[in-house]
Structure formats: structure tokens, C-alpha cells
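> What follows is query_20.pdb, made up of PDB, C-alpha atoms:
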```pdb
ATOM      1  CA  MET U   1      91.409  33.015 -18.621  1.00  0.00           C
ATOM      2  CA  GLN U   2      93.626  33.097 -15.550  1.00  0.00           C
ATOM      3  CA  SER U   3      93.767  31.962 -11.921  1.00  0.00           C
ATOM      4  CA  GLU U   4      96.070  32.995  -9.081  1.00  0.00           C
ATOM      5  CA  SER U   5      96.222  31.449  -5.612  1.00  0.00           C
ATOM      6  CA  CYS U   6      97.006  33.910  -2.848  1.00  0.00           C
ATOM      7  CA  PRO U   7      97.456  33.022   0.836  1.00  0.00           C
ATOM      8  CA  TYR U   8      93.847  33.817   1.818  1.00  0.00           C
ATOM      9  CA  TYR U   9      91.919  33.941  -1.444  1.00  0.00           C
ATOM     10  CA  THR U  10      91.931  32.844  -5.062  1.00  0.00           C
ATOM     11  CA  ARG U  11      91.658  35.387  -7.878  1.00  0.00           C
ATOM     12  CA  ARG U  12      90.169  34.244 -11.177  1.00  0.00           C
ATOM     13  CA  GLU U  13      89.520  36.102 -14.410  1.00  0.00           C
ATOM     14  CA  PHE U  14      87.124  34.791 -17.008  1.00  0.00           C
ATOM     15  CA  ASN U  15      84.941  36.022 -19.831  1.00  0.00           C
ATOM     16  CA  VAL U  16      81.166  35.922 -19.695  1.00  0.00           C
ATOM     17  CA  THR U  17      79.346  36.153 -23.010  1.00  0.00           C
ATOM     18  CA  ASN U  18      75.735  37.052 -23.686  1.00  0.00           C
ATOM     19  CA  CYS U  19      75.214  34.886 -26.765  1.00  0.00           C
ATOM     20  CA  LYS U  20      71.974  36.666 -27.734  1.00  0.00           C
ATOM     21  CA  ILE U  21      73.741  39.959 -28.389  1.00  0.00           C
ATOM     22  CA  ASN U  22      77.287  38.602 -28.705  1.00  0.00           C
ATOM     23  CA  ASP U  23      78.589  40.819 -25.901  1.00  0.00           C
ATOM     24  CA  THR U  24      81.497  39.639 -23.733  1.00  0.00           C
ATOM     25  CA  ILE U  25      82.697  41.106 -20.450  1.00  0.00           C
ATOM     26  CA  LYS U  26      85.664  40.224 -18.279  1.00  0.00           C
ATOM     27  CA  VAL U  27      84.771  39.109 -14.747  1.00  0.00           C
ATOM     28  CA  THR U  28      87.231  39.014 -11.873  1.00  0.00           C
ATOM     29  CA  GLN U  29      86.291  36.703  -9.013  1.00  0.00           C
ATOM     30  CA  LEU U  30      87.887  36.821  -5.582  1.00  0.00           C
ATOM     31  CA  GLN U  31      87.087  33.700  -3.558  1.00  0.00           C
ATOM     32  CA  TYR U  32      87.972  33.884   0.123  1.00  0.00           C
ATOM     33  CA  ASN U  33      89.318  30.592   1.454  1.00  0.00           C
ATOM     34  CA  GLY U  34      89.464  31.368   5.180  1.00  0.00           C
ATOM     35  CA  TRP U  35      85.900  30.863   6.368  1.00  0.00           C
ATOM     36  CA  PRO U  36      85.317  28.114   8.904  1.00  0.00           C
ATOM     37  CA  THR U  37      83.266  25.236   7.539  1.00  0.00           C
ATOM     38  CA  VAL U  38      80.621  25.605  10.276  1.00  0.00           C
ATOM     39  CA  GLU U  39      77.939  28.145   9.370  1.00  0.00           C
ATOM     40  CA  GLY U  40      77.781  31.130  11.704  1.00  0.00           C
ATOM     41  CA  GLU U  41      81.405  30.866  12.814  1.00  0.00           C
ATOM     42  CA  VAL U  42      83.940  33.535  11.909  1.00  0.00           C
ATOM     43  CA  PRO U  43      87.641  33.281  11.064  1.00  0.00           C
ATOM     44  CA  GLU U  44      90.023  33.245  14.031  1.00  0.00           C
ATOM     45  CA  VAL U  45      92.346  35.773  12.406  1.00  0.00           C
ATOM     46  CA  CYS U  46      91.382  38.955  10.565  1.00  0.00           C
ATOM     47  CA  ARG U  47      94.293  39.238   8.150  1.00  0.00           C
ATOM     48  CA  GLY U  48      92.621  37.267   5.365  1.00  0.00           C
ATOM     49  CA  ILE U  49      89.435  39.340   5.245  1.00  0.00           C
ATOM     50  CA  ILE U  50      91.533  42.506   5.437  1.00  0.00           C
ATOM     51  CA  GLU U  51      93.551  41.427   2.396  1.00  0.00           C
ATOM     52  CA  LEU U  52      90.375  40.428   0.539  1.00  0.00           C
ATOM     53  CA  VAL U  53      88.699  43.779   1.249  1.00  0.00           C
ATOM     54  CA  ASP U  54      91.851  45.677   0.224  1.00  0.00           C
ATOM     55  CA  GLN U  55      92.119  43.701  -3.000  1.00  0.00           C
ATOM     56  CA  ALA U  56      88.426  44.031  -3.880  1.00  0.00           C
ATOM     57  CA  LEU U  57      88.263  47.776  -3.185  1.00  0.00           C
ATOM     58  CA  SER U  58      91.534  48.410  -5.005  1.00  0.00           C
ATOM     59  CA  TYR U  59      90.493  46.409  -8.049  1.00  0.00           C
ATOM     60  CA  HIS U  60      87.011  47.957  -8.154  1.00  0.00           C
ATOM     61  CA  SER U  61      88.483  51.453  -7.852  1.00  0.00           C
ATOM     62  CA  LYS U  62      90.888  50.801 -10.752  1.00  0.00           C
ATOM     63  CA  GLU U  63      88.055  49.502 -12.921  1.00  0.00           C
ATOM     64  CA  LYS U  64      85.913  52.571 -12.189  1.00  0.00           C
ATOM     65  CA  ASN U  65      88.828  54.830 -13.108  1.00  0.00           C
ATOM     66  CA  VAL U  66      89.056  53.299 -16.590  1.00  0.00           C
ATOM     67  CA  GLY U  67      85.346  53.792 -17.242  1.00  0.00           C
ATOM     68  CA  CYS U  68      84.072  50.369 -16.215  1.00  0.00           C
ATOM     69  CA  LYS U  69      80.592  50.554 -14.685  1.00  0.00           C
ATOM     70  CA  SER U  70      80.462  46.996 -13.392  1.00  0.00           C
ATOM     71  CA  PRO U  71      79.210  46.603  -9.832  1.00  0.00           C
ATOM     72  CA  LEU U  72      81.040  44.863  -7.039  1.00  0.00           C
ATOM     73  CA  THR U  73      78.942  41.736  -6.499  1.00  0.00           C
ATOM     74  CA  VAL U  74      79.139  39.690  -3.291  1.00  0.00           C
ATOM     75  CA  HIS U  75      77.666  36.305  -2.486  1.00  0.00           C
ATOM     76  CA  CYS U  76      78.052  33.388  -0.104  1.00  0.00           C
ATOM     77  CA  SER U  77      76.244  30.101   0.416  1.00  0.00           C
ATOM     78  CA  LEU U  78      73.475  31.536   2.646  1.00  0.00           C
ATOM     79  CA  GLY U  79      73.653  35.077   1.335  1.00  0.00           C
ATOM     80  CA  THR U  80      73.767  36.464   4.860  1.00  0.00           C
ATOM     81  CA  ASP U  81      76.577  35.939   7.366  1.00  0.00           C
ATOM     82  CA  ARG U  82      79.734  35.828   5.256  1.00  0.00           C
ATOM     83  CA  SER U  83      78.537  38.352   2.696  1.00  0.00           C
ATOM     84  CA  SER U  84      77.395  40.744   5.398  1.00  0.00           C
ATOM     85  CA  ILE U  85      80.784  40.727   7.101  1.00  0.00           C
ATOM     86  CA  PHE U  86      82.530  41.467   3.814  1.00  0.00           C
ATOM     87  CA  VAL U  87      80.090  44.270   2.905  1.00  0.00           C
ATOM     88  CA  ALA U  88      80.310  45.773   6.408  1.00  0.00           C
ATOM     89  CA  MET U  89      84.112  45.672   6.274  1.00  0.00           C
ATOM     90  CA  CYS U  90      84.110  47.455   2.902  1.00  0.00           C
ATOM     91  CA  ILE U  91      81.855  50.176   4.319  1.00  0.00           C
ATOM     92  CA  LEU U  92      83.879  50.486   7.524  1.00  0.00           C
ATOM     93  CA  VAL U  93      87.204  50.672   5.662  1.00  0.00           C
ATOM     94  CA  GLN U  94      85.864  53.467   3.468  1.00  0.00           C
ATOM     95  CA  GLN U  95      84.514  55.265   6.575  1.00  0.00           C
ATOM     96  CA  LEU U  96      87.867  54.919   8.302  1.00  0.00           C
ATOM     97  CA  ARG U  97      89.784  56.217   5.310  1.00  0.00           C
ATOM     98  CA  THR U  98      87.507  59.206   4.650  1.00  0.00           C
ATOM     99  CA  GLU U  99      86.182  60.151   8.105  1.00  0.00           C
ATOM    100  CA  LYS U 100      89.026  58.794  10.264  1.00  0.00           C
ATOM    101  CA  CYS U 101      86.470  57.054  12.486  1.00  0.00           C
ATOM    102  CA  VAL U 102      83.907  54.246  12.179  1.00  0.00           C
ATOM    103  CA  ASP U 103      80.459  53.493  13.549  1.00  0.00           C
ATOM    104  CA  ILE U 104      80.058  49.728  13.574  1.00  0.00           C
ATOM    105  CA  CYS U 105      76.659  49.797  15.288  1.00  0.00           C
ATOM    106  CA  THR U 106      75.112  52.160  12.724  1.00  0.00           C
ATOM    107  CA  THR U 107      76.704  50.260   9.844  1.00  0.00           C
ATOM    108  CA  ALA U 108      75.306  46.956  11.140  1.00  0.00           C
ATOM    109  CA  ARG U 109      71.837  48.478  11.621  1.00  0.00           C
ATOM    110  CA  LYS U 110      71.821  49.965   8.134  1.00  0.00           C
ATOM    111  CA  ILE U 111      72.855  46.669   6.573  1.00  0.00           C
ATOM    112  CA  ARG U 112      70.200  44.809   8.599  1.00  0.00           C
ATOM    113  CA  SER U 113      67.532  47.296   7.492  1.00  0.00           C
ATOM    114  CA  GLN U 114      68.222  46.291   3.888  1.00  0.00           C
ATOM    115  CA  ARG U 115      68.194  42.561   4.489  1.00  0.00           C
ATOM    116  CA  PRO U 116      67.232  40.596   7.606  1.00  0.00           C
ATOM    117  CA  ARG U 117      69.703  38.283   9.384  1.00  0.00           C
ATOM    118  CA  LEU U 118      72.815  40.191   8.381  1.00  0.00           C
ATOM    119  CA  ILE U 119      75.431  40.497  11.146  1.00  0.00           C
ATOM    120  CA  ASP U 120      73.084  38.856  13.625  1.00  0.00           C
ATOM    121  CA  THR U 121      75.446  37.034  15.994  1.00  0.00           C
ATOM    122  CA  TYR U 122      77.783  38.257  18.684  1.00  0.00           C
ATOM    123  CA  ALA U 123      80.679  36.447  16.978  1.00  0.00           C
ATOM    124  CA  GLN U 124      80.105  38.335  13.714  1.00  0.00           C
ATOM    125  CA  TYR U 125      79.776  41.686  15.471  1.00  0.00           C
ATOM    126  CA  GLU U 126      82.901  41.056  17.552  1.00  0.00           C
ATOM    127  CA  PHE U 127      84.803  39.954  14.444  1.00  0.00           C
ATOM    128  CA  LEU U 128      84.003  43.288  12.770  1.00  0.00           C
ATOM    129  CA  TYR U 129      85.441  45.139  15.767  1.00  0.00           C
ATOM    130  CA  ARG U 130      88.619  43.064  15.728  1.00  0.00           C
ATOM    131  CA  ALA U 131      88.972  43.296  11.955  1.00  0.00           C
ATOM    132  CA  ILE U 132      88.594  47.068  11.700  1.00  0.00           C
ATOM    133  CA  VAL U 133      91.022  47.625  14.606  1.00  0.00           C
ATOM    134  CA  ASN U 134      93.500  45.286  12.899  1.00  0.00           C
ATOM    135  CA  TYR U 135      92.933  47.118   9.608  1.00  0.00           C
ATOM    136  CA  ALA U 136      93.622  50.489  11.235  1.00  0.00           C
ATOM    137  CA  ASP U 137      96.781  49.168  12.887  1.00  0.00           C
ATOM    138  CA  LEU U 138      98.029  47.434   9.735  1.00  0.00           C
ATOM    139  CA  HIS U 139      97.513  50.554   7.609  1.00  0.00           C
ATOM    140  CA  LYS U 140      98.711  52.912  10.345  1.00  0.00           C
ATOM    141  CA  LEU U 141      95.352  54.680  10.524  1.00  0.00           C
ATOM    142  CA  SER U 142      95.059  54.469  14.317  1.00  0.00           C
ATOM    143  CA  THR U 143      94.981  57.719  16.253  1.00  0.00           C
ATOM    144  CA  GLU U 144      96.387  56.115  19.405  1.00  0.00           C
TER     145      GLU U 144
END
```
Could you quickly redo this structure as C-alpha cells?

Amino acid sequence: MQSESCPYYTRREFNVTNCKINDTIKVTQLQYNGWPTVEGEVPEVCRGIIELVDQALSYHSKEKNVGCKSPLTVHCSLGTDRSSIFVAMCILVQQLRTEKCVDICTTARKIRSQRPRLIDTYAQYEFLYRAIVNYADLHKLSTE
């Protein structure tokens, strides 16, 4: 239906139809374009993932407010490293906004308990630290 290129991601809207029951739903896809091509590596800068998380959480919140019960679905090629960073960032951003503090270690452990190999490298863990600090600074949520 529509496609929009943003600096760090592409937003697409399309309809998906279940032909058996003739039911159509609108799907919004946000595709992040900033991942390095080598598996296991993380982006050098955090701004792109911050914008993606902001956009996804904002859009999902708006949809819930109008009665939409669609889940936020996340996937990547392996289903582990890139997805886990995005999911962890969403959790950490919500923690920061509601509790004014974050616990990256506990968040990583909880995510790993649900699926092995999530956030399992130093680079991914360090990226989360940098990204949430950058998020707090960008949104003026820092206490320092």
C-alpha cells in the first residue's frame, strides 16, 4: 500500500488477507537498515536503533489505543542476535520511562531464559549499554 524510506529504516504498510475467511488486516513493517553485514557484529552508532525502537513503540501504542490487538512481531535472519537487541532495547526503554532506571543484566538474563543464544556476545551487551545511555541522553531522561 505504501512505503517510506527513513534515514535508518524503511516503513511499509500492506494488507494481508486470509482468503479462507476473507479477512484482511493492515500490517506495518519497520525494516532496520543499519545492521552490519557480518553476523554477530553490532552497529557502530546507536541512533538508528533508538529511532527504530521509538517508532515501533509509538506505533504499537497508537494501535493499542484504537482497539487493535495485533502483537509487535520481531524477526531477523538468525532469530537471535539482532532480534534480541531490539527486544531488549524495547524492554529497557520502557523500564527507563516508567522506573527511571534500567537493569541490563536482569533483562538479558530474562531474555536468555526464554530463548538460548540471545544477547550472548560482549559486543551485543556493550551495545545495549551504549544505546540505553544514548537514549536517556537524547530524551533527557538522565539523572546526571
> Set the distance at 8 Å and use all atoms listed in the file: which residues neighbour Asn33 of chain U once local chain neighbours fewer than 6 positions away are removed? I'd like the list as a list in words.
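In the requested format, the answer is Tyr8, Tyr9 and Thr10 of chain U.
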> Mind giving me the straight-line distance from atom CA of Arg11 of chain U to atom CA of Arg97 of chain U in Å, one decimal?
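About the pair atom CA of Arg11 of chain U and atom CA of Arg97 of chain U: they are 24.7 Å apart.
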> On this structure, the PyMOL selection byres ((chain U and resi 80) around 10) would catch which residues? List them as a PyMOL selection string, sorted by chain and number.
chain U and resi 40+75-79+81-85+112+115-120
> Mind giving me the straight-line distance from atom CA of Gly48 of chain U to atom CA of Arg130 of chain U in Å, one decimal?
12.5 Å
> (82.6, 28.0, 10.2) in this file's frame - what residues fall within 12 Å of it? Use only C-alpha atoms and give the answer as an NGL selection string.
:U and (33-44 or 77 or 81-82 or 123-124)
> Go through U:Pro71, U:Cys46, U:Gln95, U:Ile111 one by one, measure the shortest atom-to-atom distance of each to Val133 of chain U using all atoms listed in the file, and give the residue with the smallest value.
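Closest residue, counting all atoms listed in the file: U:Cys46.
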> Atom CA of Phe127 of chain U and atom CA of Ser113 of chain U, how far apart in Å?
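Pair atom CA of Ser113 of chain U / atom CA of Phe127 of chain U returns 20.0 Å.
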> Evaluating the PyMOL selection byres ((chain U and resi 104) around 10) on the displayed file yields which residues, as an mmCIF file with C-alpha atoms, in the frame of the given file?

```cif
data_model
loop_
_atom_site.group_PDB
_atom_site.id
_atom_site.type_symbol
_atom_site.label_atom_id
_atom_site.label_comp_id
_atom_site.auth_asym_id
_atom_site.auth_seq_id
_atom_site.Cartn_x
_atom_site.Cartn_y
_atom_site.Cartn_z
ATOM 1 C CA ALA U 88 80.310 45.773 6.408
ATOM 2 C CA MET U 89 84.112 45.672 6.274
ATOM 3 C CA ILE U 91 81.855 50.176 4.319
ATOM 4 C CA LEU U 92 83.879 50.486 7.524
ATOM 5 C CA GLN U 95 84.514 55.265 6.575
ATOM 6 C CA CYS U 101 86.470 57.054 12.486
ATOM 7 C CA VAL U 102 83.907 54.246 12.179
ATOM 8 C CA ASP U 103 80.459 53.493 13.549
ATOM 9 C CA CYS U 105 76.659 49.797 15.288
ATOM 10 C CA THR U 106 75.112 52.160 12.724
ATOM 11 C CA THR U 107 76.704 50.260 9.844
ATOM 12 C CA ALA U 108 75.306 46.956 11.140
ATOM 13 C CA ARG U 109 71.837 48.478 11.621
ATOM 14 C CA LYS U 110 71.821 49.965 8.134
ATOM 15 C CA TYR U 125 79.776 41.686 15.471
ATOM 16 C CA GLU U 126 82.901 41.056 17.552
ATOM 17 C CA LEU U 128 84.003 43.288 12.770
ATOM 18 C CA TYR U 129 85.441 45.139 15.767
ATOM 19 C CA ILE U 132 88.594 47.068 11.700
#
```
> Selection in question (the file shown): the PyMOL selection byres ((chain U and resi 24-31) around 7). Which residues does it include, as number ranges by chain?
U: 9-18, 22-23, 32-33
> Residues of segment 82-139 of chain U that have any atom at most 8 Å from an atom of segment 50-57 of chain U: could you tabulate them with the shortest-distance atom pair and the distance in Å to one decimal, using all atoms listed in the file, ordered by chain and increasing number, as a Markdown table?

```
| residue | atom | partner | partner_atom | distance |
| --- | --- | --- | --- | --- |
| U:Phe86 | CA | U:Val53 | CA | 7.1 |
| U:Met89 | CA | U:Val53 | CA | 7.1 |
| U:Cys90 | CA | U:Val53 | CA | 6.1 |
| U:Ala131 | CA | U:Ile50 | CA | 7.0 |
| U:Tyr135 | CA | U:Ile50 | CA | 6.4 |
```
> Taking all atoms listed in the file into account, name the residue in U:Ser5, U:Ser142, U:Ser61, U:Gln114 that is nearest to Leu96 of chain U.
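Using all atoms listed in the file, the shortest distance to Leu96 of chain U belongs to U:Ser142.
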